[in-house]
$ cat structure-v6.txt   # compact mmCIF, N, CA, C and O atoms and all ligand atoms
# COMPACT_ATOMS: atom_id res chain seq x y z
N MET A 27 -6.94 -28.97 8.09
CA MET A 27 -5.50 -29.14 7.81
C MET A 27 -4.97 -27.88 7.14
O MET A 27 -5.48 -27.44 6.12
N PHE A 28 -3.92 -27.31 7.71
CA PHE A 28 -3.36 -26.08 7.16
C PHE A 28 -2.35 -26.41 6.06
O PHE A 28 -1.52 -27.29 6.20
N LYS A 29 -2.48 -25.69 4.94
CA LYS A 29 -1.70 -26.05 3.76
C LYS A 29 -0.27 -25.52 3.76
O LYS A 29 0.56 -25.96 2.98
N PHE A 30 -0.02 -24.54 4.60
CA PHE A 30 1.29 -23.90 4.54
C PHE A 30 2.12 -24.15 5.79
O PHE A 30 1.59 -24.34 6.88
N LYS A 31 3.41 -24.18 5.58
CA LYS A 31 4.34 -24.38 6.68
C LYS A 31 5.43 -23.32 6.63
O LYS A 31 5.70 -22.75 5.56
N ILE A 32 6.07 -23.13 7.76
CA ILE A 32 7.21 -22.22 7.81
C ILE A 32 8.29 -22.72 6.85
O ILE A 32 8.50 -23.93 6.73
N ASN A 33 8.94 -21.78 6.16
CA ASN A 33 9.99 -22.05 5.16
C ASN A 33 9.46 -22.46 3.80
O ASN A 33 10.24 -22.65 2.87
N ASP A 34 8.14 -22.55 3.64
CA ASP A 34 7.57 -22.73 2.31
C ASP A 34 7.82 -21.46 1.50
O ASP A 34 7.76 -20.35 2.05
N THR A 35 8.07 -21.62 0.22
CA THR A 35 8.17 -20.45 -0.66
C THR A 35 6.82 -20.28 -1.35
O THR A 35 6.28 -21.23 -1.91
N VAL A 36 6.29 -19.09 -1.28
CA VAL A 36 4.97 -18.83 -1.86
C VAL A 36 5.03 -17.65 -2.82
O VAL A 36 5.89 -16.79 -2.72
N GLN A 37 4.08 -17.64 -3.74
CA GLN A 37 3.91 -16.51 -4.64
C GLN A 37 2.63 -15.78 -4.25
O GLN A 37 1.63 -16.41 -3.94
N ILE A 38 2.72 -14.46 -4.29
CA ILE A 38 1.56 -13.65 -3.93
C ILE A 38 0.68 -13.50 -5.17
O ILE A 38 1.17 -13.12 -6.24
N THR A 39 -0.61 -13.79 -5.02
CA THR A 39 -1.48 -13.81 -6.19
C THR A 39 -2.49 -12.65 -6.20
O THR A 39 -3.28 -12.52 -7.11
N ALA A 40 -2.47 -11.85 -5.15
CA ALA A 40 -3.40 -10.73 -5.08
C ALA A 40 -2.79 -9.63 -4.22
O ALA A 40 -1.87 -9.88 -3.44
N GLY A 41 -3.31 -8.43 -4.40
CA GLY A 41 -2.86 -7.32 -3.56
C GLY A 41 -1.66 -6.59 -4.14
O GLY A 41 -1.24 -6.85 -5.26
N LYS A 42 -1.09 -5.69 -3.34
CA LYS A 42 -0.04 -4.82 -3.87
C LYS A 42 1.26 -5.54 -4.17
O LYS A 42 2.08 -5.05 -4.93
N ASP A 43 1.46 -6.71 -3.59
CA ASP A 43 2.68 -7.48 -3.83
C ASP A 43 2.46 -8.62 -4.82
O ASP A 43 3.27 -9.54 -4.90
N LYS A 44 1.37 -8.57 -5.54
CA LYS A 44 1.03 -9.61 -6.52
C LYS A 44 2.22 -9.92 -7.43
O LYS A 44 2.86 -9.02 -7.95
N GLY A 45 2.50 -11.21 -7.62
CA GLY A 45 3.59 -11.62 -8.51
C GLY A 45 4.91 -11.81 -7.79
O GLY A 45 5.82 -12.43 -8.33
N ARG A 46 5.02 -11.27 -6.59
CA ARG A 46 6.27 -11.43 -5.85
C ARG A 46 6.24 -12.75 -5.09
O ARG A 46 5.19 -13.35 -4.90
N SER A 47 7.41 -13.18 -4.68
CA SER A 47 7.44 -14.41 -3.90
C SER A 47 8.33 -14.23 -2.68
O SER A 47 9.16 -13.32 -2.62
N GLY A 48 8.12 -15.08 -1.71
CA GLY A 48 8.90 -14.99 -0.49
C GLY A 48 8.72 -16.23 0.33
O GLY A 48 7.95 -17.13 0.00
N LYS A 49 9.46 -16.24 1.42
CA LYS A 49 9.45 -17.41 2.29
C LYS A 49 8.54 -17.15 3.50
O LYS A 49 8.55 -16.06 4.06
N ILE A 50 7.79 -18.16 3.85
CA ILE A 50 6.90 -18.03 5.01
C ILE A 50 7.73 -18.04 6.29
O ILE A 50 8.55 -18.93 6.50
N ILE A 51 7.51 -17.03 7.11
CA ILE A 51 8.25 -16.99 8.37
C ILE A 51 7.34 -17.26 9.57
O ILE A 51 7.81 -17.52 10.66
N LYS A 52 6.02 -17.24 9.34
CA LYS A 52 5.10 -17.55 10.43
C LYS A 52 3.77 -17.97 9.84
O LYS A 52 3.34 -17.42 8.83
N VAL A 53 3.13 -18.95 10.44
CA VAL A 53 1.79 -19.34 10.00
C VAL A 53 0.79 -19.06 11.12
O VAL A 53 1.08 -19.26 12.29
N LEU A 54 -0.38 -18.57 10.73
CA LEU A 54 -1.43 -18.24 11.68
C LEU A 54 -2.70 -19.00 11.27
O LEU A 54 -3.61 -18.43 10.67
N PRO A 55 -2.72 -20.32 11.56
CA PRO A 55 -3.84 -21.15 11.05
C PRO A 55 -5.22 -20.69 11.52
O PRO A 55 -6.18 -20.77 10.77
N THR A 56 -5.30 -20.17 12.73
CA THR A 56 -6.62 -19.75 13.21
C THR A 56 -7.14 -18.53 12.46
O THR A 56 -8.34 -18.36 12.29
N ASP A 57 -6.22 -17.69 11.97
CA ASP A 57 -6.62 -16.53 11.18
C ASP A 57 -6.61 -16.82 9.67
O ASP A 57 -6.93 -15.94 8.88
N GLN A 58 -6.17 -18.04 9.30
CA GLN A 58 -5.99 -18.37 7.88
C GLN A 58 -5.06 -17.37 7.20
O GLN A 58 -5.32 -16.88 6.10
N LYS A 59 -3.96 -17.08 7.91
CA LYS A 59 -3.01 -16.11 7.37
C LYS A 59 -1.59 -16.63 7.51
O LYS A 59 -1.31 -17.50 8.34
N VAL A 60 -0.72 -16.06 6.68
CA VAL A 60 0.70 -16.38 6.79
C VAL A 60 1.51 -15.09 6.76
O VAL A 60 1.07 -14.09 6.19
N LEU A 61 2.67 -15.14 7.39
CA LEU A 61 3.57 -14.00 7.37
C LEU A 61 4.70 -14.36 6.40
O LEU A 61 5.37 -15.38 6.58
N VAL A 62 4.86 -13.54 5.35
CA VAL A 62 5.85 -13.84 4.33
C VAL A 62 6.94 -12.79 4.36
O VAL A 62 6.65 -11.58 4.37
N GLU A 63 8.18 -13.26 4.36
CA GLU A 63 9.34 -12.39 4.42
C GLU A 63 9.31 -11.35 3.31
O GLU A 63 9.24 -11.71 2.13
N GLY A 64 9.38 -10.08 3.66
CA GLY A 64 9.47 -9.01 2.66
C GLY A 64 8.19 -8.68 1.91
O GLY A 64 8.20 -7.90 0.98
N ILE A 65 7.09 -9.32 2.33
CA ILE A 65 5.81 -9.12 1.63
C ILE A 65 4.82 -8.41 2.54
O ILE A 65 4.76 -8.68 3.73
N ASN A 66 4.02 -7.53 1.92
CA ASN A 66 2.98 -6.80 2.64
C ASN A 66 3.59 -5.98 3.78
O ASN A 66 3.12 -6.00 4.90
N LEU A 67 4.64 -5.27 3.44
CA LEU A 67 5.34 -4.47 4.45
C LEU A 67 4.55 -3.22 4.79
O LEU A 67 3.88 -2.64 3.96
N TYR A 68 4.63 -2.85 6.01
CA TYR A 68 4.07 -1.57 6.40
C TYR A 68 5.04 -0.87 7.33
O TYR A 68 5.90 -1.50 7.94
N LYS A 69 4.89 0.44 7.40
CA LYS A 69 5.79 1.22 8.23
C LYS A 69 5.14 1.55 9.56
O LYS A 69 4.01 2.02 9.60
N LYS A 70 5.84 1.25 10.59
CA LYS A 70 5.33 1.53 11.92
C LYS A 70 6.13 2.68 12.50
O LYS A 70 7.35 2.63 12.56
N HIS A 71 5.42 3.73 12.89
CA HIS A 71 6.09 4.89 13.45
C HIS A 71 6.17 4.75 14.96
O HIS A 71 5.15 4.59 15.63
N ILE A 72 7.38 4.79 15.45
CA ILE A 72 7.58 4.73 16.90
C ILE A 72 7.80 6.16 17.40
O ILE A 72 8.68 6.87 16.90
N LYS A 73 6.99 6.57 18.33
CA LYS A 73 7.12 7.93 18.84
C LYS A 73 8.33 8.07 19.76
O LYS A 73 8.69 7.11 20.46
N PRO A 74 8.94 9.24 19.75
CA PRO A 74 10.07 9.44 20.67
C PRO A 74 9.60 9.27 22.11
O PRO A 74 8.50 9.69 22.46
N LYS A 75 10.42 8.61 22.90
CA LYS A 75 10.04 8.35 24.28
C LYS A 75 11.24 8.65 25.17
O LYS A 75 12.30 8.05 24.98
N GLY A 76 11.09 9.54 26.13
CA GLY A 76 12.21 9.91 26.98
C GLY A 76 13.36 10.40 26.13
O GLY A 76 13.17 11.29 25.30
N ASN A 77 14.53 9.80 26.26
CA ASN A 77 15.65 10.23 25.42
C ASN A 77 15.88 9.30 24.24
O ASN A 77 16.90 9.33 23.58
N GLU A 78 14.90 8.41 23.97
CA GLU A 78 14.98 7.58 22.76
C GLU A 78 14.35 8.33 21.60
O GLU A 78 13.25 8.87 21.74
N ALA A 79 15.05 8.34 20.50
CA ALA A 79 14.53 9.05 19.34
C ALA A 79 13.41 8.25 18.69
O ALA A 79 13.35 7.03 18.81
N GLY A 80 12.52 8.96 18.04
CA GLY A 80 11.46 8.28 17.30
C GLY A 80 12.04 7.60 16.08
O GLY A 80 13.09 7.99 15.58
N THR A 81 11.39 6.58 15.60
CA THR A 81 11.94 5.85 14.45
C THR A 81 10.80 5.26 13.63
O THR A 81 9.65 5.24 14.06
N ILE A 82 11.14 4.81 12.45
CA ILE A 82 10.15 4.15 11.60
C ILE A 82 10.63 2.73 11.32
O ILE A 82 11.72 2.53 10.79
N LEU A 83 9.86 1.77 11.73
CA LEU A 83 10.20 0.37 11.48
C LEU A 83 9.40 -0.13 10.29
O LEU A 83 8.25 0.24 10.11
N THR A 84 10.03 -0.98 9.49
CA THR A 84 9.31 -1.62 8.39
C THR A 84 9.06 -3.06 8.78
O THR A 84 9.99 -3.82 9.01
N LEU A 85 7.81 -3.43 8.91
CA LEU A 85 7.45 -4.76 9.38
C LEU A 85 6.52 -5.46 8.39
O LEU A 85 5.70 -4.81 7.74
N PRO A 86 6.65 -6.78 8.27
CA PRO A 86 5.71 -7.50 7.42
C PRO A 86 4.39 -7.75 8.15
O PRO A 86 4.38 -8.00 9.34
N ARG A 87 3.32 -7.65 7.43
CA ARG A 87 2.00 -7.90 8.00
C ARG A 87 1.49 -9.23 7.42
O ARG A 87 1.74 -9.52 6.25
N ALA A 88 0.79 -9.98 8.23
CA ALA A 88 0.28 -11.27 7.76
C ALA A 88 -0.67 -11.08 6.59
O ALA A 88 -1.39 -10.08 6.51
N ILE A 89 -0.66 -12.03 5.67
CA ILE A 89 -1.48 -11.96 4.47
C ILE A 89 -2.39 -13.19 4.42
O ILE A 89 -2.01 -14.27 4.87
N SER A 90 -3.59 -13.02 3.90
CA SER A 90 -4.54 -14.12 3.84
C SER A 90 -4.04 -15.26 2.94
O SER A 90 -3.45 -15.01 1.89
N VAL A 91 -4.30 -16.49 3.34
CA VAL A 91 -3.86 -17.64 2.52
C VAL A 91 -4.55 -17.64 1.15
O VAL A 91 -4.07 -18.27 0.22
N ALA A 92 -5.66 -16.92 1.04
CA ALA A 92 -6.36 -16.84 -0.25
C ALA A 92 -5.54 -16.04 -1.26
O ALA A 92 -5.78 -16.12 -2.46
N SER A 93 -4.56 -15.28 -0.78
CA SER A 93 -3.77 -14.43 -1.66
C SER A 93 -2.39 -14.99 -1.96
O SER A 93 -1.56 -14.32 -2.54
N VAL A 94 -2.13 -16.21 -1.54
CA VAL A 94 -0.83 -16.80 -1.81
C VAL A 94 -0.97 -18.19 -2.43
O VAL A 94 -1.95 -18.89 -2.20
N ALA A 95 0.02 -18.56 -3.24
CA ALA A 95 0.07 -19.90 -3.82
C ALA A 95 1.43 -20.49 -3.51
O ALA A 95 2.45 -19.81 -3.64
N LEU A 96 1.44 -21.72 -3.11
CA LEU A 96 2.70 -22.39 -2.82
C LEU A 96 3.49 -22.61 -4.10
O LEU A 96 2.93 -23.00 -5.11
N ILE A 97 4.78 -22.34 -4.05
CA ILE A 97 5.63 -22.67 -5.19
C ILE A 97 6.19 -24.07 -4.94
O ILE A 97 6.86 -24.33 -3.94
N CYS A 98 5.89 -24.96 -5.85
CA CYS A 98 6.29 -26.36 -5.70
C CYS A 98 7.80 -26.50 -5.82
O CYS A 98 8.38 -25.99 -6.76
N PRO A 99 8.43 -27.17 -4.87
CA PRO A 99 9.89 -27.34 -4.95
C PRO A 99 10.31 -28.24 -6.11
O PRO A 99 11.45 -28.19 -6.56
N SER A 100 9.41 -29.07 -6.63
CA SER A 100 9.76 -29.98 -7.72
C SER A 100 9.65 -29.33 -9.09
O SER A 100 10.54 -29.43 -9.92
N CYS A 101 8.50 -28.66 -9.35
CA CYS A 101 8.31 -28.08 -10.68
C CYS A 101 8.46 -26.56 -10.69
O CYS A 101 8.33 -25.94 -11.74
N SER A 102 8.72 -25.97 -9.52
CA SER A 102 8.95 -24.52 -9.40
C SER A 102 7.81 -23.66 -9.91
O SER A 102 8.03 -22.54 -10.34
N LYS A 103 6.59 -24.20 -9.88
CA LYS A 103 5.44 -23.43 -10.33
C LYS A 103 4.51 -23.18 -9.15
O LYS A 103 4.40 -24.03 -8.26
N PRO A 104 3.80 -22.05 -9.19
CA PRO A 104 2.79 -21.84 -8.15
C PRO A 104 1.69 -22.88 -8.32
O PRO A 104 1.23 -23.10 -9.45
N THR A 105 1.32 -23.54 -7.27
CA THR A 105 0.36 -24.64 -7.39
C THR A 105 -0.59 -24.66 -6.21
O THR A 105 -0.35 -24.02 -5.19
N ARG A 106 -1.65 -25.43 -6.37
CA ARG A 106 -2.51 -25.70 -5.23
C ARG A 106 -1.91 -26.89 -4.50
O ARG A 106 -1.23 -27.72 -5.08
N VAL A 107 -2.22 -26.96 -3.24
CA VAL A 107 -1.67 -28.03 -2.42
C VAL A 107 -2.74 -29.10 -2.23
O VAL A 107 -3.89 -28.81 -1.91
N GLY A 108 -2.35 -30.34 -2.46
CA GLY A 108 -3.25 -31.45 -2.19
C GLY A 108 -2.68 -32.29 -1.06
O GLY A 108 -1.52 -32.13 -0.68
N PHE A 109 -3.50 -33.18 -0.57
CA PHE A 109 -3.01 -34.08 0.47
C PHE A 109 -3.17 -35.51 0.00
O PHE A 109 -4.13 -35.86 -0.67
N ASP A 110 -2.20 -36.33 0.35
CA ASP A 110 -2.29 -37.75 0.06
C ASP A 110 -2.33 -38.50 1.38
O ASP A 110 -1.33 -38.62 2.08
N ALA A 111 -3.53 -38.95 1.72
CA ALA A 111 -3.73 -39.60 3.01
C ALA A 111 -3.41 -41.08 2.97
O ALA A 111 -3.47 -41.77 3.98
N SER A 112 -3.05 -41.59 1.77
CA SER A 112 -2.75 -43.01 1.67
C SER A 112 -1.36 -43.32 2.22
O SER A 112 -1.00 -44.46 2.42
N GLN A 113 -0.58 -42.27 2.43
CA GLN A 113 0.76 -42.47 2.97
C GLN A 113 0.78 -42.13 4.46
O GLN A 113 0.00 -41.33 4.93
N THR A 114 1.69 -42.77 5.15
CA THR A 114 1.84 -42.48 6.57
C THR A 114 3.25 -41.98 6.84
O THR A 114 4.19 -42.68 6.52
N PRO A 115 3.49 -40.83 7.42
CA PRO A 115 2.42 -39.85 7.70
C PRO A 115 1.89 -39.24 6.40
O PRO A 115 2.52 -39.34 5.37
N LYS A 116 0.72 -38.65 6.53
CA LYS A 116 0.07 -37.97 5.41
C LYS A 116 1.04 -36.96 4.79
O LYS A 116 1.81 -36.33 5.50
N VAL A 117 0.98 -36.83 3.48
CA VAL A 117 1.91 -35.92 2.80
C VAL A 117 1.17 -34.85 2.01
O VAL A 117 0.02 -35.04 1.61
N ARG A 118 1.86 -33.75 1.79
CA ARG A 118 1.32 -32.71 0.91
C ARG A 118 1.86 -33.00 -0.49
O ARG A 118 3.03 -33.31 -0.66
N VAL A 119 0.99 -32.88 -1.48
CA VAL A 119 1.42 -33.12 -2.85
C VAL A 119 1.09 -31.92 -3.74
O VAL A 119 0.15 -31.17 -3.46
N CYS A 120 1.89 -31.77 -4.81
CA CYS A 120 1.66 -30.71 -5.79
C CYS A 120 0.53 -31.12 -6.71
O CYS A 120 0.52 -32.24 -7.22
N HIS A 121 -0.42 -30.22 -6.98
CA HIS A 121 -1.54 -30.53 -7.85
C HIS A 121 -1.12 -30.64 -9.30
O HIS A 121 -1.82 -31.22 -10.13
N LYS A 122 0.03 -30.04 -9.64
CA LYS A 122 0.47 -30.04 -11.04
C LYS A 122 1.33 -31.24 -11.38
O LYS A 122 1.08 -31.93 -12.35
N CYS A 123 2.38 -31.49 -10.59
CA CYS A 123 3.30 -32.58 -10.95
C CYS A 123 3.13 -33.82 -10.07
O CYS A 123 3.78 -34.83 -10.30
N ARG A 124 2.25 -33.73 -9.08
CA ARG A 124 1.93 -34.84 -8.18
C ARG A 124 3.10 -35.28 -7.30
O ARG A 124 3.05 -36.35 -6.69
N GLN A 125 4.15 -34.48 -7.28
CA GLN A 125 5.28 -34.82 -6.43
C GLN A 125 4.95 -34.48 -4.97
O GLN A 125 4.22 -33.54 -4.69
N ILE A 126 5.54 -35.24 -4.09
CA ILE A 126 5.36 -34.97 -2.67
C ILE A 126 6.13 -33.71 -2.29
O ILE A 126 7.30 -33.55 -2.66
N ILE A 127 5.45 -32.80 -1.63
CA ILE A 127 6.10 -31.57 -1.20
C ILE A 127 6.76 -31.78 0.17
O ILE A 127 7.92 -31.52 0.36
N SER A 128 5.99 -32.27 1.09
CA SER A 128 6.56 -32.61 2.39
C SER A 128 5.54 -33.39 3.20
O SER A 128 4.36 -33.42 2.85
N SER A 129 6.00 -33.99 4.25
CA SER A 129 5.06 -34.70 5.11
C SER A 129 4.28 -33.67 5.94
O SER A 129 4.68 -32.53 6.08
N VAL A 130 3.17 -34.12 6.43
CA VAL A 130 2.34 -33.25 7.25
C VAL A 130 2.62 -33.58 8.71
O VAL A 130 2.44 -34.71 9.13
N THR A 131 3.07 -32.59 9.41
CA THR A 131 3.32 -32.84 10.83
C THR A 131 2.24 -32.17 11.65
O THR A 131 1.95 -30.99 11.46
N LYS A 132 1.68 -32.93 12.52
CA LYS A 132 0.64 -32.38 13.37
C LYS A 132 1.25 -31.64 14.53
O LYS A 132 2.30 -32.01 15.03
N LYS A 133 0.53 -30.60 14.94
CA LYS A 133 1.04 -29.82 16.07
C LYS A 133 0.30 -30.22 17.32
O LYS A 133 -0.87 -30.49 17.28
ZN ZN B 201 4.93 -29.53 -8.73
$ encode --input "structure-v6.txt" --output "structure tokens" --more "lines below"
Ligand SMILES: [Zn+2]
Amino acid sequence: MFKFKINDTVQITAGKDKGRSGKIIKVLPTDQKVLVEGINLYKKHIKPKGNEAGTILTLPRAISVASVALICPSCSKPTRVGFDASQTPKVRVCHKCRQIISSVTKK
């Protein structure tokens, strides 16, 4: 079960963006990675081609889920995500305040 969903707000807990937070724009469950808006940016150099000028794009790179913590919408703290399987559908819960974060939707 993947703990993160698109539009979750997460805090970065490791790496060069440690302490920053952002919104998840893509999840990569098979790689155990997430793409977070404005986090882990890198510059991609596009070479000039024909009459198109070369340019530098700034793109976000996916970051390992081990380096992010979900920010709970109820208590606004970075927390671990738990699951409550006693409810249908199964829900994600905050480890700190025990509030339901959202339901778990299967893909
Ligand atoms: Zn909470």
$ residues_around --input "structure-v6.txt" --residues "stretch 34-41 of chain A" --least-positions-apart "5" --cutoff "6 Å" --atoms "only N, CA, C and O atoms" --output "list in words"
Arg46, Ser47, Gly48, Lys49, Ile50, Ser93, Val94, Ala95, Leu96, Ile97 and Cys98 of chain A
$ residues_near_point --input "structure-v6.txt" --point "(-8.1, -16.8, 1.5)" --cutoff "8 Å" --atoms "all atoms listed in the file" --output "list in words"
Asp57, Gln58, Lys59, Ile89, Ser90, Val91, Ala92, Ser93 and Val94 of chain A
$ write_last_selection --input "structure-v6.txt" --atoms "N, CA, C and O atoms" --output "PDB file, keeping the file's coordinate frame"
ATOM      1  N   ASP A  57      -6.220 -17.690  11.970  1.00  0.00           N
ATOM      2  CA  ASP A  57      -6.620 -16.530  11.180  1.00  0.00           C
ATOM      3  C   ASP A  57      -6.610 -16.820   9.670  1.00  0.00           C
ATOM      4  O   ASP A  57      -6.930 -15.940   8.880  1.00  0.00           O
ATOM      5  N   GLN A  58      -6.170 -18.040   9.300  1.00  0.00           N
ATOM      6  CA  GLN A  58      -5.990 -18.370   7.880  1.00  0.00           C
ATOM      7  C   GLN A  58      -5.060 -17.370   7.200  1.00  0.00           C
ATOM      8  O   GLN A  58      -5.320 -16.880   6.100  1.00  0.00           O
ATOM      9  N   LYS A  59      -3.960 -17.080   7.910  1.00  0.00           N
ATOM     10  CA  LYS A  59      -3.010 -16.110   7.370  1.00  0.00           C
ATOM     11  C   LYS A  59      -1.590 -16.630   7.510  1.00  0.00           C
ATOM     12  O   LYS A  59      -1.310 -17.500   8.340  1.00  0.00           O
ATOM     13  N   ILE A  89      -0.660 -12.030   5.670  1.00  0.00           N
ATOM     14  CA  ILE A  89      -1.480 -11.960   4.470  1.00  0.00           C
ATOM     15  C   ILE A  89      -2.390 -13.190   4.420  1.00  0.00           C
ATOM     16  O   ILE A  89      -2.010 -14.270   4.870  1.00  0.00           O
ATOM     17  N   SER A  90      -3.590 -13.020   3.900  1.00  0.00           N
ATOM     18  CA  SER A  90      -4.540 -14.120   3.840  1.00  0.00           C
ATOM     19  C   SER A  90      -4.040 -15.260   2.940  1.00  0.00           C
ATOM     20  O   SER A  90      -3.450 -15.010   1.890  1.00  0.00           O
ATOM     21  N   VAL A  91      -4.300 -16.490   3.340  1.00  0.00           N
ATOM     22  CA  VAL A  91      -3.860 -17.640   2.520  1.00  0.00           C
ATOM     23  C   VAL A  91      -4.550 -17.640   1.150  1.00  0.00           C
ATOM     24  O   VAL A  91      -4.070 -18.270   0.220  1.00  0.00           O
ATOM     25  N   ALA A  92      -5.660 -16.920   1.040  1.00  0.00           N
ATOM     26  CA  ALA A  92      -6.360 -16.840  -0.250  1.00  0.00           C
ATOM     27  C   ALA A  92      -5.540 -16.040  -1.260  1.00  0.00           C
ATOM     28  O   ALA A  92      -5.780 -16.120  -2.460  1.00  0.00           O
ATOM     29  N   SER A  93      -4.560 -15.280  -0.780  1.00  0.00           N
ATOM     30  CA  SER A  93      -3.770 -14.430  -1.660  1.00  0.00           C
ATOM     31  C   SER A  93      -2.390 -14.990  -1.960  1.00  0.00           C
ATOM     32  O   SER A  93      -1.560 -14.320  -2.540  1.00  0.00           O
ATOM     33  N   VAL A  94      -2.130 -16.210  -1.540  1.00  0.00           N
ATOM     34  CA  VAL A  94      -0.830 -16.800  -1.810  1.00  0.00           C
ATOM     35  C   VAL A  94      -0.970 -18.190  -2.430  1.00  0.00           C
ATOM     36  O   VAL A  94      -1.950 -18.890  -2.200  1.00  0.00           O
TER      37      VAL A  94
END
$ atom_distance --input "structure-v6.txt" --atom1 "atom C of A:Arg106" --atom2 "atom N of A:Arg87"
23.2 Å
$ residues_near_ligand --input "structure-v6.txt" --ligand "ligand ZN 201 (chain B)" --cutoff "6 Å" --atoms "all atoms listed in the file" --output "NGL selection string"
:A and (98-103 or 120-125)
$ atom_distance --input "structure-v6.txt" --atom1 "atom C of A:Val62" --atom2 "atom C of A:Val107"
20.1 Å
